[in-house]
file query.txt (compact mmCIF, C-alpha atoms and all ligand atoms)
# COMPACT_ATOMS: atom_id res chain seq x y z
CA MET K 1 17.74 26.38 -109.40
CA ALA K 2 15.22 24.60 -111.57
CA VAL K 3 13.74 23.02 -108.46
CA ALA K 4 13.49 26.39 -106.70
CA GLY K 5 11.89 27.85 -109.85
CA SER K 6 9.26 25.15 -110.13
CA SER K 7 8.37 25.34 -106.46
CA ARG K 8 7.95 29.10 -106.82
CA ALA K 9 5.71 28.46 -109.80
CA LEU K 10 3.71 25.98 -107.73
CA ALA K 11 3.40 28.49 -104.90
CA LEU K 12 2.19 31.14 -107.33
CA LEU K 13 -0.34 28.67 -108.70
CA LEU K 14 -1.60 27.71 -105.25
CA LEU K 15 -1.65 31.21 -103.78
CA PRO K 16 -4.97 32.31 -105.31
CA LEU K 17 -6.55 29.04 -104.12
CA LEU K 18 -5.28 29.67 -100.59
CA VAL K 19 -6.52 33.25 -100.60
CA ALA K 20 -9.88 32.13 -101.99
CA SER K 21 -10.32 29.45 -99.35
CA GLN K 22 -9.43 31.88 -96.54
CA ALA K 23 -11.90 34.38 -97.96
CA ALA K 24 -14.53 31.66 -98.03
CA GLN K 25 -13.88 30.95 -94.35
CA ARG K 26 -14.35 34.61 -93.47
CA GLU K 27 -17.49 34.93 -95.56
CA PRO K 28 -20.57 34.84 -93.28
CA GLU K 29 -22.84 31.96 -94.05
CA LEU K 30 -25.77 33.10 -96.15
CA ARG K 31 -29.12 31.84 -95.01
CA PHE K 32 -32.44 32.40 -96.60
CA GLY K 33 -35.82 32.26 -94.98
CA PRO K 34 -37.66 34.24 -92.31
CA ALA K 35 -35.62 36.14 -89.70
CA PRO K 36 -35.58 34.40 -86.30
CA ARG K 37 -38.64 35.47 -84.36
CA GLN K 38 -38.42 36.84 -80.86
CA ARG K 39 -41.34 36.08 -78.66
CA PRO K 40 -43.50 39.20 -78.43
CA VAL K 41 -43.82 40.83 -75.05
CA ARG K 42 -47.21 40.19 -73.49
CA LEU K 43 -49.28 42.47 -71.35
CA PHE K 44 -51.05 40.65 -68.50
CA THR K 45 -54.20 41.72 -66.75
CA GLU K 46 -54.56 40.47 -63.17
CA ALA K 47 -57.16 37.92 -64.29
CA GLU K 48 -54.90 36.61 -67.02
CA LEU K 49 -51.91 36.28 -64.72
CA GLY K 50 -54.15 34.41 -62.28
CA GLY K 51 -54.42 31.58 -64.81
CA TYR K 52 -50.70 30.75 -64.39
CA ASP K 53 -50.70 29.90 -60.69
CA GLY K 54 -49.47 26.34 -60.97
CA ARG K 55 -52.90 24.78 -60.51
CA GLU K 56 -52.85 23.01 -63.87
CA GLU K 57 -50.08 20.47 -64.22
CA ASP K 58 -49.13 21.30 -67.83
CA GLN K 59 -49.61 25.10 -67.72
CA PRO K 60 -46.60 27.39 -67.34
CA ILE K 61 -46.22 29.12 -63.95
CA TYR K 62 -45.80 32.90 -63.89
CA ILE K 63 -44.97 35.40 -61.18
CA ALA K 64 -44.81 39.18 -61.49
CA VAL K 65 -42.24 41.15 -59.52
CA LYS K 66 -42.11 44.92 -59.94
CA GLY K 67 -44.60 44.49 -62.80
CA VAL K 68 -42.29 42.21 -64.79
CA VAL K 69 -43.77 38.78 -65.51
CA PHE K 70 -41.33 35.87 -65.20
CA ASP K 71 -41.83 32.27 -66.28
CA VAL K 72 -40.86 30.30 -63.15
CA THR K 73 -42.00 26.91 -64.47
CA SER K 74 -38.44 25.60 -64.10
CA GLY K 75 -38.71 26.33 -60.36
CA LYS K 76 -41.73 24.05 -59.93
CA GLU K 77 -40.29 22.71 -56.67
CA PHE K 78 -40.69 26.24 -55.21
CA TYR K 79 -43.80 27.46 -57.02
CA GLY K 80 -45.85 24.49 -58.20
CA LYS K 81 -49.08 23.21 -56.67
CA GLY K 82 -48.44 22.40 -53.00
CA ALA K 83 -44.88 23.83 -53.10
CA PRO K 84 -43.74 26.29 -50.39
CA TYR K 85 -43.95 29.48 -52.49
CA ASN K 86 -47.04 28.59 -54.53
CA ALA K 87 -48.91 31.50 -52.91
CA LEU K 88 -46.60 33.97 -54.70
CA VAL K 89 -47.47 32.92 -58.26
CA GLY K 90 -50.26 33.89 -60.63
CA LYS K 91 -50.02 37.47 -59.37
CA ASP K 92 -47.71 40.40 -58.74
CA SER K 93 -46.06 39.55 -55.41
CA THR K 94 -43.68 42.49 -55.20
CA ARG K 95 -44.53 43.37 -51.60
CA GLY K 96 -44.23 39.76 -50.39
CA ILE K 97 -40.83 39.43 -52.06
CA ALA K 98 -39.65 42.70 -50.50
CA LYS K 99 -40.76 41.64 -47.01
CA MET K 100 -40.06 37.92 -47.46
CA SER K 101 -43.65 37.36 -46.44
CA LEU K 102 -46.31 34.94 -47.60
CA ASP K 103 -49.03 36.76 -45.69
CA PRO K 104 -51.94 37.12 -48.18
CA GLU K 105 -52.13 40.87 -47.54
CA ASP K 106 -48.51 41.21 -48.72
CA LEU K 107 -49.13 39.41 -51.99
CA THR K 108 -49.64 42.60 -53.97
CA HIS K 109 -47.84 44.98 -56.33
CA ASP K 110 -48.23 47.75 -53.73
CA THR K 111 -44.95 48.96 -52.28
CA THR K 112 -46.42 51.75 -50.16
CA GLY K 113 -44.58 52.21 -46.86
CA LEU K 114 -41.81 49.66 -47.48
CA THR K 115 -38.56 50.44 -45.65
CA GLU K 116 -35.27 51.23 -47.38
CA GLU K 117 -34.03 47.80 -46.34
CA GLU K 118 -37.07 46.03 -47.78
CA LEU K 119 -36.73 47.94 -51.06
CA LYS K 120 -33.06 46.97 -51.23
CA SER K 121 -33.92 43.33 -50.54
CA LEU K 122 -36.60 43.51 -53.25
CA ASP K 123 -34.08 44.74 -55.82
CA GLU K 124 -31.57 42.09 -54.82
CA THR K 125 -34.08 39.27 -55.24
CA PHE K 126 -35.41 40.85 -58.44
CA ASN K 127 -31.91 40.95 -59.97
CA ASN K 128 -30.19 37.94 -58.42
CA VAL K 129 -33.07 35.46 -58.45
CA TYR K 130 -35.73 36.43 -60.97
CA LYS K 131 -33.77 38.23 -63.68
CA ALA K 132 -30.84 35.84 -63.27
CA LYS K 133 -32.83 32.58 -63.35
CA TYR K 134 -36.06 33.03 -65.23
CA PRO K 135 -37.19 34.23 -68.68
CA ILE K 136 -39.26 37.39 -68.86
CA VAL K 137 -42.56 36.84 -70.66
CA GLY K 138 -44.16 40.27 -70.32
CA TYR K 139 -45.40 42.97 -68.04
CA THR K 140 -48.46 43.54 -65.93
CA ALA K 141 -50.86 45.93 -67.63
CA ARG K 142 -50.57 48.06 -64.50
CA ARG K 143 -46.87 48.68 -65.16
CA ILE K 144 -47.48 50.01 -68.67
CA LEU K 145 -50.92 51.58 -68.44
CA ASN K 146 -52.43 54.06 -66.02
CA GLU K 147 -55.61 53.19 -64.13
CA ASP K 148 -57.69 54.87 -66.88
CA GLY K 149 -56.00 52.77 -69.59
CA SER K 150 -53.85 55.60 -70.95
CA PRO K 151 -50.16 54.80 -71.51
CA ASN K 152 -47.86 55.34 -68.55
CA PRO K 153 -45.14 57.71 -69.78
CA ASN K 154 -42.80 56.51 -67.02
CA PHE K 155 -42.73 52.98 -68.39
CA LYS K 156 -39.22 52.10 -69.52
CA PRO K 157 -38.79 48.65 -71.02
CA GLU K 158 -35.31 48.33 -69.54
CA ASP K 159 -36.00 44.98 -67.94
CA GLN K 160 -36.83 43.22 -71.17
CA PRO K 161 -33.51 42.04 -72.59
CA HIS K 162 -34.68 41.61 -76.18
CA PHE K 163 -37.12 44.44 -76.29
CA THR K 164 -37.24 46.75 -79.28
CA ILE K 165 -40.02 49.23 -79.81
CA LYS K 166 -40.36 48.15 -83.45
CA ASP K 167 -41.02 44.52 -82.48
CA GLU K 168 -43.61 45.22 -79.87
CA PHE K 169 -45.76 48.13 -80.98
C1 LIG W 201 -38.37 29.35 -42.51
C2 LIG W 201 -38.46 30.11 -43.56
C3 LIG W 201 -37.73 29.90 -44.85
C4 LIG W 201 -36.72 29.07 -45.20
C5 LIG W 201 -35.99 28.05 -44.32
C6 LIG W 201 -36.42 29.30 -46.60
C7 LIG W 201 -35.46 28.65 -47.34
C8 LIG W 201 -35.13 28.91 -48.63
C9 LIG W 201 -34.07 28.29 -49.37
C10 LIG W 201 -33.13 27.21 -48.81
C11 LIG W 201 -34.06 28.81 -50.62
C12 LIG W 201 -33.07 28.53 -51.72
C13 LIG W 201 -33.45 27.30 -52.47
C14 LIG W 201 -32.50 27.09 -53.65
O1 LIG W 201 -32.06 28.07 -54.26
O2 LIG W 201 -32.26 25.93 -53.96
C15 LIG W 201 -35.14 29.76 -50.68
C16 LIG W 201 -35.46 30.48 -51.79
C17 LIG W 201 -36.46 31.41 -51.84
N1 LIG W 201 -37.25 31.80 -50.80
FE1 LIG W 201 -37.27 31.04 -48.95
N2 LIG W 201 -37.25 30.25 -47.06
C18 LIG W 201 -38.06 30.65 -46.04
C19 LIG W 201 -39.06 31.57 -46.08
C20 LIG W 201 -39.40 32.31 -47.20
C21 LIG W 201 -40.52 33.25 -47.24
C22 LIG W 201 -41.46 33.59 -46.07
C23 LIG W 201 -40.55 33.74 -48.49
C24 LIG W 201 -41.57 34.75 -48.94
C25 LIG W 201 -41.50 35.46 -50.02
C26 LIG W 201 -39.45 33.14 -49.25
C27 LIG W 201 -39.14 33.37 -50.56
C28 LIG W 201 -38.14 32.74 -51.26
C29 LIG W 201 -37.90 32.98 -52.67
C30 LIG W 201 -38.64 33.93 -53.58
C31 LIG W 201 -36.84 32.14 -53.03
C32 LIG W 201 -36.21 32.00 -54.41
C33 LIG W 201 -36.84 30.87 -55.14
C34 LIG W 201 -36.28 30.75 -56.56
O3 LIG W 201 -35.07 30.52 -56.71
O4 LIG W 201 -37.07 30.90 -57.51
N3 LIG W 201 -38.79 32.27 -48.41
N4 LIG W 201 -35.77 29.80 -49.46
call {"tool": "encode", "arguments": {"input": "query.txt", "output": "structure tokens", "more": "lines below"}}
Ligand code: HEM
result
Amino acid sequence: MAVAGSSRALALLLLPLLVASQAAQREPELRFGPAPRQRPVRLFTEAELGGYDGREEDQPIYIAVKGVVFDVTSGKEFYGKGAPYNALVGKDSTRGIAKMSLDPEDLTHDTTGLTEEELKSLDETFNNVYKAKYPIVGYTARRILNEDGSPNPNFKPEDQPHFTIKDEF
């Protein structure tokens, strides 16, 4: 009886410690300092995008598809200088991707006259290759702005996974 009593007393003594330590485990870790920064979305003019065509060894390599600019540096064996798909980079190659063509006249953002099948193929490659494999670094100016520089009201930043209006504008 005395033994049972003292072990109950011990349990009562230890209980608050146990509760406190469990609470400490649940408590989110407090950190001070600046909030983690997300890289801001960039807007690329054609000339700017042209600087990321794999010519310079230590420059990143960018391609735009459907006006979304991807960093394809990790695919250097496809896109780097002298690689088979180097012609696609440093520009918006939407049409070439849709038609699986490296013909210089297809290396454009222009999708005029593409067939249903080509548009479907474009979306498949856009989703299953580019969005799946490569980080998005921005948009072509053309996708966001009209020809006269006014904002394009149809622009929806749905393709930018970390996009929030507050961060970018
Ligand atoms: C004889 C013709 C071709 C062959 C044998 C071929 C072969 C391949 C192979 C094997 C891959 C997959 C590589 C991998 O994921 O490891 C690939 C990827 C690709 N091919 Fe081709 N290809 C050809 C023509 C073309 C053409 C004309 C285009 C024009 C746009 C093209 C665009 C692409 C693209 C965009 C990828 C994805 C690269 C990436 O993952 O970033 N291919 N090709």
call {"tool": "atom_distance", "arguments": {"input": "query.txt", "atom1": "atom CA of Ala98 of chain K", "atom2": "atom CA of Gly113 of chain K"}}
result
11.3 Å
call {"tool": "axis_aligned_box", "arguments": {"input": "query.txt", "around": "ligand LIG 201 (chain W)", "padding_each_side": "3 Å", "output": "AutoDock Vina command-line options"}}
result
--center_x -36.8 --center_y 30.7 --center_z -50.0 --size_x 15.5 --size_y 15.5 --size_z 21.0
call {"tool": "residues_around", "arguments": {"input": "query.txt", "residues": "Lys81 of chain K", "least_positions_apart": "3", "cutoff": "7 Å", "atoms": "only C-alpha atoms", "output": "tab-separated table (two decimals) with C-alpha atoms, in the frame of the given file"}}
result
chain	number	residue	atom	x	y	z
K	54	GLY	CA	-49.47	26.34	-60.97
K	55	ARG	CA	-52.90	24.78	-60.51
K	86	ASN	CA	-47.04	28.59	-54.53
call {"tool": "residues_around", "arguments": {"input": "query.txt", "residues": "Val68 of chain K", "least_positions_apart": "2", "cutoff": "12 Å", "atoms": "all atoms listed in the file", "output": "tab-separated table (two decimals) with C-alpha atoms, in the frame of the given file"}}
result
chain	number	residue	atom	x	y	z
K	41	VAL	CA	-43.82	40.83	-75.05
K	42	ARG	CA	-47.21	40.19	-73.49
K	43	LEU	CA	-49.28	42.47	-71.35
K	44	PHE	CA	-51.05	40.65	-68.50
K	49	LEU	CA	-51.91	36.28	-64.72
K	62	TYR	CA	-45.80	32.90	-63.89
K	63	ILE	CA	-44.97	35.40	-61.18
K	64	ALA	CA	-44.81	39.18	-61.49
K	65	VAL	CA	-42.24	41.15	-59.52
K	66	LYS	CA	-42.11	44.92	-59.94
K	70	PHE	CA	-41.33	35.87	-65.20
K	71	ASP	CA	-41.83	32.27	-66.28
K	91	LYS	CA	-50.02	37.47	-59.37
K	92	ASP	CA	-47.71	40.40	-58.74
K	93	SER	CA	-46.06	39.55	-55.41
K	94	THR	CA	-43.68	42.49	-55.20
K	109	HIS	CA	-47.84	44.98	-56.33
K	126	PHE	CA	-35.41	40.85	-58.44
K	127	ASN	CA	-31.91	40.95	-59.97
K	130	TYR	CA	-35.73	36.43	-60.97
K	131	LYS	CA	-33.77	38.23	-63.68
K	134	TYR	CA	-36.06	33.03	-65.23
K	135	PRO	CA	-37.19	34.23	-68.68
K	136	ILE	CA	-39.26	37.39	-68.86
K	137	VAL	CA	-42.56	36.84	-70.66
K	138	GLY	CA	-44.16	40.27	-70.32
K	139	TYR	CA	-45.40	42.97	-68.04
K	140	THR	CA	-48.46	43.54	-65.93
K	141	ALA	CA	-50.86	45.93	-67.63
K	142	ARG	CA	-50.57	48.06	-64.50
K	143	ARG	CA	-46.87	48.68	-65.16
K	144	ILE	CA	-47.48	50.01	-68.67
K	155	PHE	CA	-42.73	52.98	-68.39
K	156	LYS	CA	-39.22	52.10	-69.52
K	157	PRO	CA	-38.79	48.65	-71.02
K	158	GLU	CA	-35.31	48.33	-69.54
K	159	ASP	CA	-36.00	44.98	-67.94
K	160	GLN	CA	-36.83	43.22	-71.17
K	161	PRO	CA	-33.51	42.04	-72.59
call {"tool": "residues_near_ligand", "arguments": {"input": "query.txt", "ligand": "ligand LIG 201 (chain W)", "cutoff": "7 Å", "atoms": "only C-alpha atoms and all ligand atoms", "output": "list in words"}}
result
Val72, Gly75, Phe78, Tyr85, Gly96, Ile97, Lys99, Met100, Ser101, Leu102, Val129 and Tyr130 of chain K
call {"tool": "atom_distance", "arguments": {"input": "query.txt", "atom1": "atom CA of Val89 of chain K", "atom2": "atom CA of Gly51 of chain K"}}
result
9.6 Å
call {"tool": "atom_distance", "arguments": {"input": "query.txt", "atom1": "atom CA of Tyr52 of chain K", "atom2": "atom CA of Ser121 of chain K"}}
result
25.1 Å
